[in-house]
2 protein chains.
Amino acid sequence: MKNWLLICLALMCGICHAQTANWRIPQQDNLVYLQLDTGTVAIELAPFMAPNHVKQFKALVREGFYDGLDFYRVIDGFVAQAGDISEQKASENKAPLKAEFTRSLSTDDSFRLVQSPAFLAAQTGILHGFAAGRDPQDKVEWLLHCYGVVAMARSNDINSGTTDFYINIGQAPRHLDRNMSVFGRVIYGMQHVQAVNRGEPNNGGVIDDPDKRSKILSAHVGSDLSTDQQLKLHVQNEFGEQYANKLASSRSLDNPFFHYKGTGNIDVCYRGVTSELISDNVPAKQN
Amino acid sequence: MKNWLLICLALMCGICHAQTANWRIPQQDNLVYLQLDTGTVAIELAPFMAPNHVKQFKALVREGFYDGLDFYRVIDGFVAQAGDISEQKASENKAPLKAEFTRSLSTDDSFRLVQSPAFLAAQTGILHGFAAGRDPQDKVEWLLHCYGVVAMARSNDINSGTTDFYINIGQAPRHLDRNMSVFGRVIYGMQHVQAVNRGEPNNGGVIDDPDKRSKILSAHVGSDLSTDQQLKLHVQNEFGEQYANKLASSRSLDNPFFHYKGTGNIDVCYRGVTSELISDNVPAKQN
């Protein structure tokens with residue numbers, strides 16, 4: 001009987017451990033790699049929020065649309081925008097996309113609450129690794145414009161995004177939440193995005209001289225690359241104990257380093273889940 | 001009588017205009033220039049908050065302490081820390097500094113309120129161009145750890161800062177507010193700070209190989225440079241009409257681009273005062 005109990009406990013712990021793994025492995029089919037001058041950038045996609053944007057972006061990547069295009073609008077501390085400034089490059093995958101700003105509240109417990117009430121949203125938390133907002137009154141949830149987030153550029157028409165995208169490179173521009181279709185986030189290589197040439201804020205960040213724009217040498221969907229070209233990454237699991245502990249210590253600042261213990265509130269854009277290489281192989285350069 | 005009235009109105013407008021100038025010129029004596037590999041960084045100092053830190057930092061700059069030292073601890077999205085990793089470099093200006101985390105509430109109307117109540121402080125606003133927090137209950141105010149802010153590194157002892165400083169390069173690490181002595185902020189050249197080499201987060205961001213660290217080629221107090229080496233900069237005045245309009249439109253998002261109008265709350269780290277070159281002369285490289 002005693003042994004049986006021990007076996008049961010061991011099995012339960014095994015199950016608990018499986019349920020609360022601290023890290024998850026992103027699917028290569030859900031990653032896009034951008035090869036920039038200084039190195040590789042990996043973007044994890046968000047098909048759960050913006051399925052049509054993800055589908056079109058992957059199709060554009062696969063046809064080589066972005067290869068040789070550049071970051072033509074870059075404002076330090078705000079965004080680096082890339083794509084086809086001429087709007088003339090032909091493609092069968094550049095139909096205007098219907099806005100995917102929000103979705104109905106998920107009912108599958110995928111939202112991991114972090115802060116309620118929050119400041120720039122009713123609630124904030126993590127949704128499949130992305131910092132997210134929730135509005136129980138409007139019954140919607142959406143992805144926040146945190147550092148490293150990737151979203152589709154558009155004109156005033158909310159259904160006008162086609163090919164050009166931007167990456168947030170500074171303090172989160174949260175006024176864009178629920179106003180833009182966020183479809184990915186950088187989980188590796190932000191330093192290479194930070195290394196792209198800036199434009200003049202007085203010129204809207206646009207870099208008029210093409211020679212001064214940093215290029216996208218190539219873009220690939222991860223699953224199209226050979227194994228030795230793929231990055232072996234993992235992303236912190238928002239339901240794991242490690243992330244729970246991080247939130248708890250962020251809330252209490254219970255460390256002798258901290259003289260002032262804060263308000264107890266958490267900025268989810270600062271305290272998101274992290275990602276890292278699980279092996280230090282740097283992949284072979286893509287062509 | 002009519003003419004007299006017109007003259008009075010004209011004079012009053014002149015006074016109004018002078019009181020609410022949209023820009024101010026920072027004093028060269030209150031600027032420190034860092035010459036990095038890729039360009040010049042200008043830091044405006046905060047003697048009103050951290051007079052002893054500013055005094056020591058300027059003395060260190062003037063003796064050439066930082067010349068040839070490097071950014072030895074750099075975590076993307078967090079901080080770039082520079083100085084003397086060996087802690088062995090001699091100087092008469094490296095006495096441990098008493099913490100200057102906060103000061104008593106100013107009574108001279110220098111605090112320009114932006115948000116009350118705020119989220120990570122009771123109130124937030126702008127103080128002499130710096131994003132600042134206020135706690136009327138504790139009767140203190142302090143500078144926030146927004147993007148580009150410069151503060152002195154320290155050990156657990158709050159009075160242990162000496163020479164090494166960090167610059168915030170990502171989402172504001174607001175848990176450091178009231179815990180570190182902020183003594184400046186970058187008002188020009190953040191793209192050059194962003195271009196410095198990163199360390200591995202798993203190694204606390206420390207770059208063990210000195211050859212991989214980005215260098216500070218030289219540092220100067222602005223007023224010690226010849227006029228042609230100084231940057232002609234101006235900083236938005238937090239009491240000007242331009243900044244008031246920016247806050248108002250940020251609060252309402254009253255622009256056809258915005259489908260969702262936000263919560264009305266403002267993140268002062270995102271909506272701070274801006275700074276820019278007033279002439280596009282790039283200064284002669286300093287030695």
# chains A, B, ... in the order shown; residues from 1 in each chain; ligands from 1
>>> interface_residues(of="chain A", to="chain B", cutoff="7 Å", atoms="only C-alpha atoms", output="short mmCIF file (atom, residue, chain, number, x, y, z; two decimals) with N, CA and C atoms, in the first residue's frame")
data_model
loop_
_atom_site.label_atom_id
_atom_site.label_comp_id
_atom_site.auth_asym_id
_atom_site.auth_seq_id
_atom_site.Cartn_x
_atom_site.Cartn_y
_atom_site.Cartn_z
N ASP A 76 14.84 55.65 -34.07
CA ASP A 76 15.41 55.09 -32.85
C ASP A 76 14.42 55.19 -31.71
N PHE A 119 -2.82 49.14 -16.71
CA PHE A 119 -2.76 50.59 -16.87
C PHE A 119 -3.21 51.01 -18.27
N LEU A 120 -2.76 50.24 -19.25
CA LEU A 120 -3.07 50.58 -20.64
C LEU A 120 -3.98 49.51 -21.25
N ALA A 121 -4.56 48.69 -20.39
CA ALA A 121 -5.51 47.64 -20.78
C ALA A 121 -6.19 47.22 -19.49
N TYR A 147 8.57 45.52 -26.84
CA TYR A 147 9.89 45.44 -27.50
C TYR A 147 10.00 44.15 -28.30
N ASN A 156 -4.28 54.58 -43.31
CA ASN A 156 -5.41 54.84 -42.40
C ASN A 156 -6.48 53.75 -42.48
N GLY A 170 12.09 50.05 -29.10
CA GLY A 170 12.28 50.89 -27.91
C GLY A 170 11.15 50.68 -26.93
N GLN A 171 10.89 51.71 -26.12
CA GLN A 171 9.78 51.65 -25.18
C GLN A 171 8.50 51.30 -25.94
N ALA A 172 7.72 50.39 -25.38
CA ALA A 172 6.54 49.88 -26.07
C ALA A 172 5.59 51.00 -26.52
N PRO A 173 5.29 51.10 -27.81
CA PRO A 173 4.34 52.11 -28.32
C PRO A 173 2.91 51.57 -28.18
N HIS A 175 0.06 52.75 -27.74
CA HIS A 175 -1.10 53.33 -28.42
C HIS A 175 -1.42 52.57 -29.71
N ARG A 178 -4.33 47.10 -30.34
CA ARG A 178 -5.70 47.03 -30.88
C ARG A 178 -5.87 47.92 -32.10
N ASN A 179 -4.76 48.44 -32.62
CA ASN A 179 -4.82 49.28 -33.80
C ASN A 179 -3.99 48.73 -34.95
N GLN A 191 19.63 42.37 -31.25
CA GLN A 191 20.79 43.25 -31.42
C GLN A 191 21.07 43.55 -32.89
N GLN A 194 18.65 46.17 -33.87
CA GLN A 194 19.13 47.45 -33.30
C GLN A 194 20.29 48.03 -34.09
N ALA A 195 20.97 47.19 -34.85
CA ALA A 195 22.14 47.67 -35.59
C ALA A 195 21.77 48.30 -36.93
N PRO A 256 17.96 41.85 -1.39
CA PRO A 256 18.64 42.93 -0.65
C PRO A 256 19.12 44.08 -1.53
N PHE A 257 19.18 43.84 -2.83
CA PHE A 257 19.62 44.94 -3.72
C PHE A 257 18.63 46.09 -3.71
N PHE A 258 17.34 45.76 -3.49
CA PHE A 258 16.29 46.77 -3.63
C PHE A 258 15.97 47.45 -2.31
N HIS A 259 16.21 48.72 -2.30
CA HIS A 259 15.95 49.59 -1.17
C HIS A 259 14.46 49.95 -1.15
N TYR A 260 13.94 50.31 -2.32
CA TYR A 260 12.52 50.65 -2.46
C TYR A 260 11.82 49.46 -3.11
N GLY A 262 8.86 49.13 -4.64
CA GLY A 262 7.93 49.30 -5.76
C GLY A 262 6.47 49.33 -5.37
N THR A 263 5.62 49.36 -6.38
CA THR A 263 4.17 49.46 -6.15
C THR A 263 3.51 48.09 -6.14
N ASN A 265 2.95 46.52 -8.81
CA ASN A 265 2.41 46.35 -10.16
C ASN A 265 3.50 45.88 -11.13
N TYR A 270 7.86 44.53 -19.77
CA TYR A 270 9.20 44.37 -19.19
C TYR A 270 9.40 42.96 -18.64
#
>>> residues_around(residues="stretch 213-230 of chain B", least_positions_apart="4", cutoff="9 Å", atoms="only C-alpha atoms", output="PyMOL selection string")
chain B and resi 27-37+42+58+61-62+64-73+82-83+195-199+207-209+281-287
>>> residues_around(residues="A:His128", least_positions_apart="2", cutoff="8 Å", atoms="only C-alpha atoms", output="short mmCIF file (atom, residue, chain, number, x, y, z; two decimals) with N, CA and C atoms, in the first residue's frame")
data_model
loop_
_atom_site.label_atom_id
_atom_site.label_comp_id
_atom_site.auth_asym_id
_atom_site.auth_seq_id
_atom_site.Cartn_x
_atom_site.Cartn_y
_atom_site.Cartn_z
N SER A 110 -5.63 29.50 -22.21
CA SER A 110 -4.30 29.80 -22.77
C SER A 110 -3.78 31.15 -22.27
N PHE A 111 -4.65 32.01 -21.76
CA PHE A 111 -4.22 33.32 -21.25
C PHE A 111 -3.69 33.18 -19.83
N ILE A 126 0.10 36.79 -20.57
CA ILE A 126 0.87 36.16 -21.64
C ILE A 126 -0.04 35.18 -22.37
N PHE A 130 3.39 35.51 -26.03
CA PHE A 130 3.30 36.93 -26.37
C PHE A 130 2.64 37.69 -25.22
N GLU A 238 5.01 30.28 -20.00
CA GLU A 238 4.33 31.21 -19.09
C GLU A 238 3.60 30.50 -17.97
#
>>> residues_around(residues="B:Val114", least_positions_apart="5", cutoff="7 Å", atoms="only C-alpha atoms", output="list of chain:residue names")
B:Thr124, B:Gly125, B:Val268
>>> select_by_dssp(residues="stretch 32-125 of chain A", states="strand (DSSP E)", output="PyMOL selection string")
chain A and resi 32-36+39-45+70-74+79-83+103-104+111-115+123-125
>>> write_last_selection(atoms="C-alpha atoms", output="compact mmCIF listing (two decimals), in the first residue's frame")
# COMPACT_ATOMS: atom_id res chain seq x y z
CA VAL A 32 10.88 33.12 -39.88
CA TYR A 33 14.59 33.89 -40.08
CA LEU A 34 15.80 37.22 -41.42
CA GLN A 35 19.43 37.32 -42.47
CA LEU A 36 20.75 40.85 -41.87
CA GLY A 39 23.52 38.32 -38.13
CA THR A 40 20.36 36.27 -37.97
CA VAL A 41 17.02 37.38 -36.51
CA ALA A 42 14.38 34.77 -35.58
CA ILE A 43 10.70 35.73 -35.47
CA GLU A 44 8.12 33.49 -33.84
CA LEU A 45 4.75 33.87 -35.55
CA ASP A 70 15.50 46.96 -46.80
CA PHE A 71 14.67 48.78 -43.57
CA TYR A 72 13.57 52.08 -45.11
CA ARG A 73 11.88 53.74 -42.11
CA VAL A 74 13.71 53.56 -38.82
CA VAL A 79 10.24 51.12 -34.91
CA ALA A 80 12.33 49.65 -37.72
CA GLN A 81 10.08 49.21 -40.76
CA ALA A 82 11.05 47.01 -43.68
CA GLY A 83 9.68 45.96 -47.02
CA ARG A 103 -9.79 38.07 -31.26
CA SER A 104 -12.62 36.87 -29.02
CA PHE A 111 -4.22 33.32 -21.25
CA ARG A 112 -1.83 33.55 -18.31
CA LEU A 113 -2.93 36.54 -16.25
CA VAL A 114 -0.15 38.84 -14.98
CA GLN A 115 -1.76 42.14 -14.02
CA GLN A 123 -5.88 43.08 -17.93
CA THR A 124 -2.47 42.02 -19.17
CA GLY A 125 -0.83 38.63 -19.34
>>> atom_distance(atom1="atom CA of B:Ser160", atom2="atom CA of B:Ala99")
7.9 Å
>>> select_by_dssp(residues="stretch 61-203 of chain B", states="alpha helix (DSSP H)", output="list of chain:residue names")
B:Val61, B:Arg62, B:Glu63, B:Met190, B:Gln191, B:His192, B:Val193, B:Gln194
>>> write_last_selection(atoms="C-alpha atoms", output="short mmCIF file (atom, residue, chain, number, x, y, z; two decimals), in the first residue's frame")
data_model
loop_
_atom_site.label_atom_id
_atom_site.label_comp_id
_atom_site.auth_asym_id
_atom_site.auth_seq_id
_atom_site.Cartn_x
_atom_site.Cartn_y
_atom_site.Cartn_z
CA VAL B 61 35.39 62.60 -17.69
CA ARG B 62 37.77 65.56 -17.41
CA GLU B 63 40.66 63.47 -16.12
CA MET B 190 21.14 56.41 -28.85
CA GLN B 191 21.66 54.49 -32.11
CA HIS B 192 25.37 54.40 -31.26
CA VAL B 193 24.65 52.99 -27.81
CA GLN B 194 22.41 50.40 -29.51
#
>>> residues_around(residues="B:Leu105", least_positions_apart="3", cutoff="6 Å", atoms="only C-alpha atoms", output="ChimeraX atom specification")
/B:139-141
>>> closest_residue(among="B:Lys89, B:Lys212, B:Arg24, B:Arg185", to="B:Ile167", atoms="only C-alpha atoms")
B:Arg185
>>> residues_around(residues="B:Glu100", least_positions_apart="2", cutoff="8 Å", atoms="only C-alpha atoms", output="list of chain:residue names")
B:Met49, B:Ala50, B:Asn52, B:His53, B:Lys98, B:Thr102, B:Arg103, B:Met180, B:Ser181, B:Val182
>>> residues_around(residues="B:Leu60", least_positions_apart="5", cutoff="9 Å", atoms="only C-alpha atoms", output="VMD selection string")
chain B and resid 55 65 to 66 91 to 94 163
>>> write_last_selection(atoms="C-alpha atoms", output="mmCIF file, in the first residue's frame")
data_model
loop_
_atom_site.group_PDB
_atom_site.id
_atom_site.type_symbol
_atom_site.label_atom_id
_atom_site.label_comp_id
_atom_site.auth_asym_id
_atom_site.auth_seq_id
_atom_site.Cartn_x
_atom_site.Cartn_y
_atom_site.Cartn_z
ATOM 1 C CA LYS B 55 30.198 66.327 -10.017
ATOM 2 C CA PHE B 65 39.176 58.174 -16.787
ATOM 3 C CA TYR B 66 36.731 56.685 -19.324
ATOM 4 C CA SER B 91 41.775 58.005 -9.890
ATOM 5 C CA GLU B 92 41.342 60.627 -7.219
ATOM 6 C CA ASN B 93 37.706 60.956 -8.247
ATOM 7 C CA LYS B 94 36.359 57.512 -7.468
ATOM 8 C CA THR B 163 32.684 55.226 -11.692
#
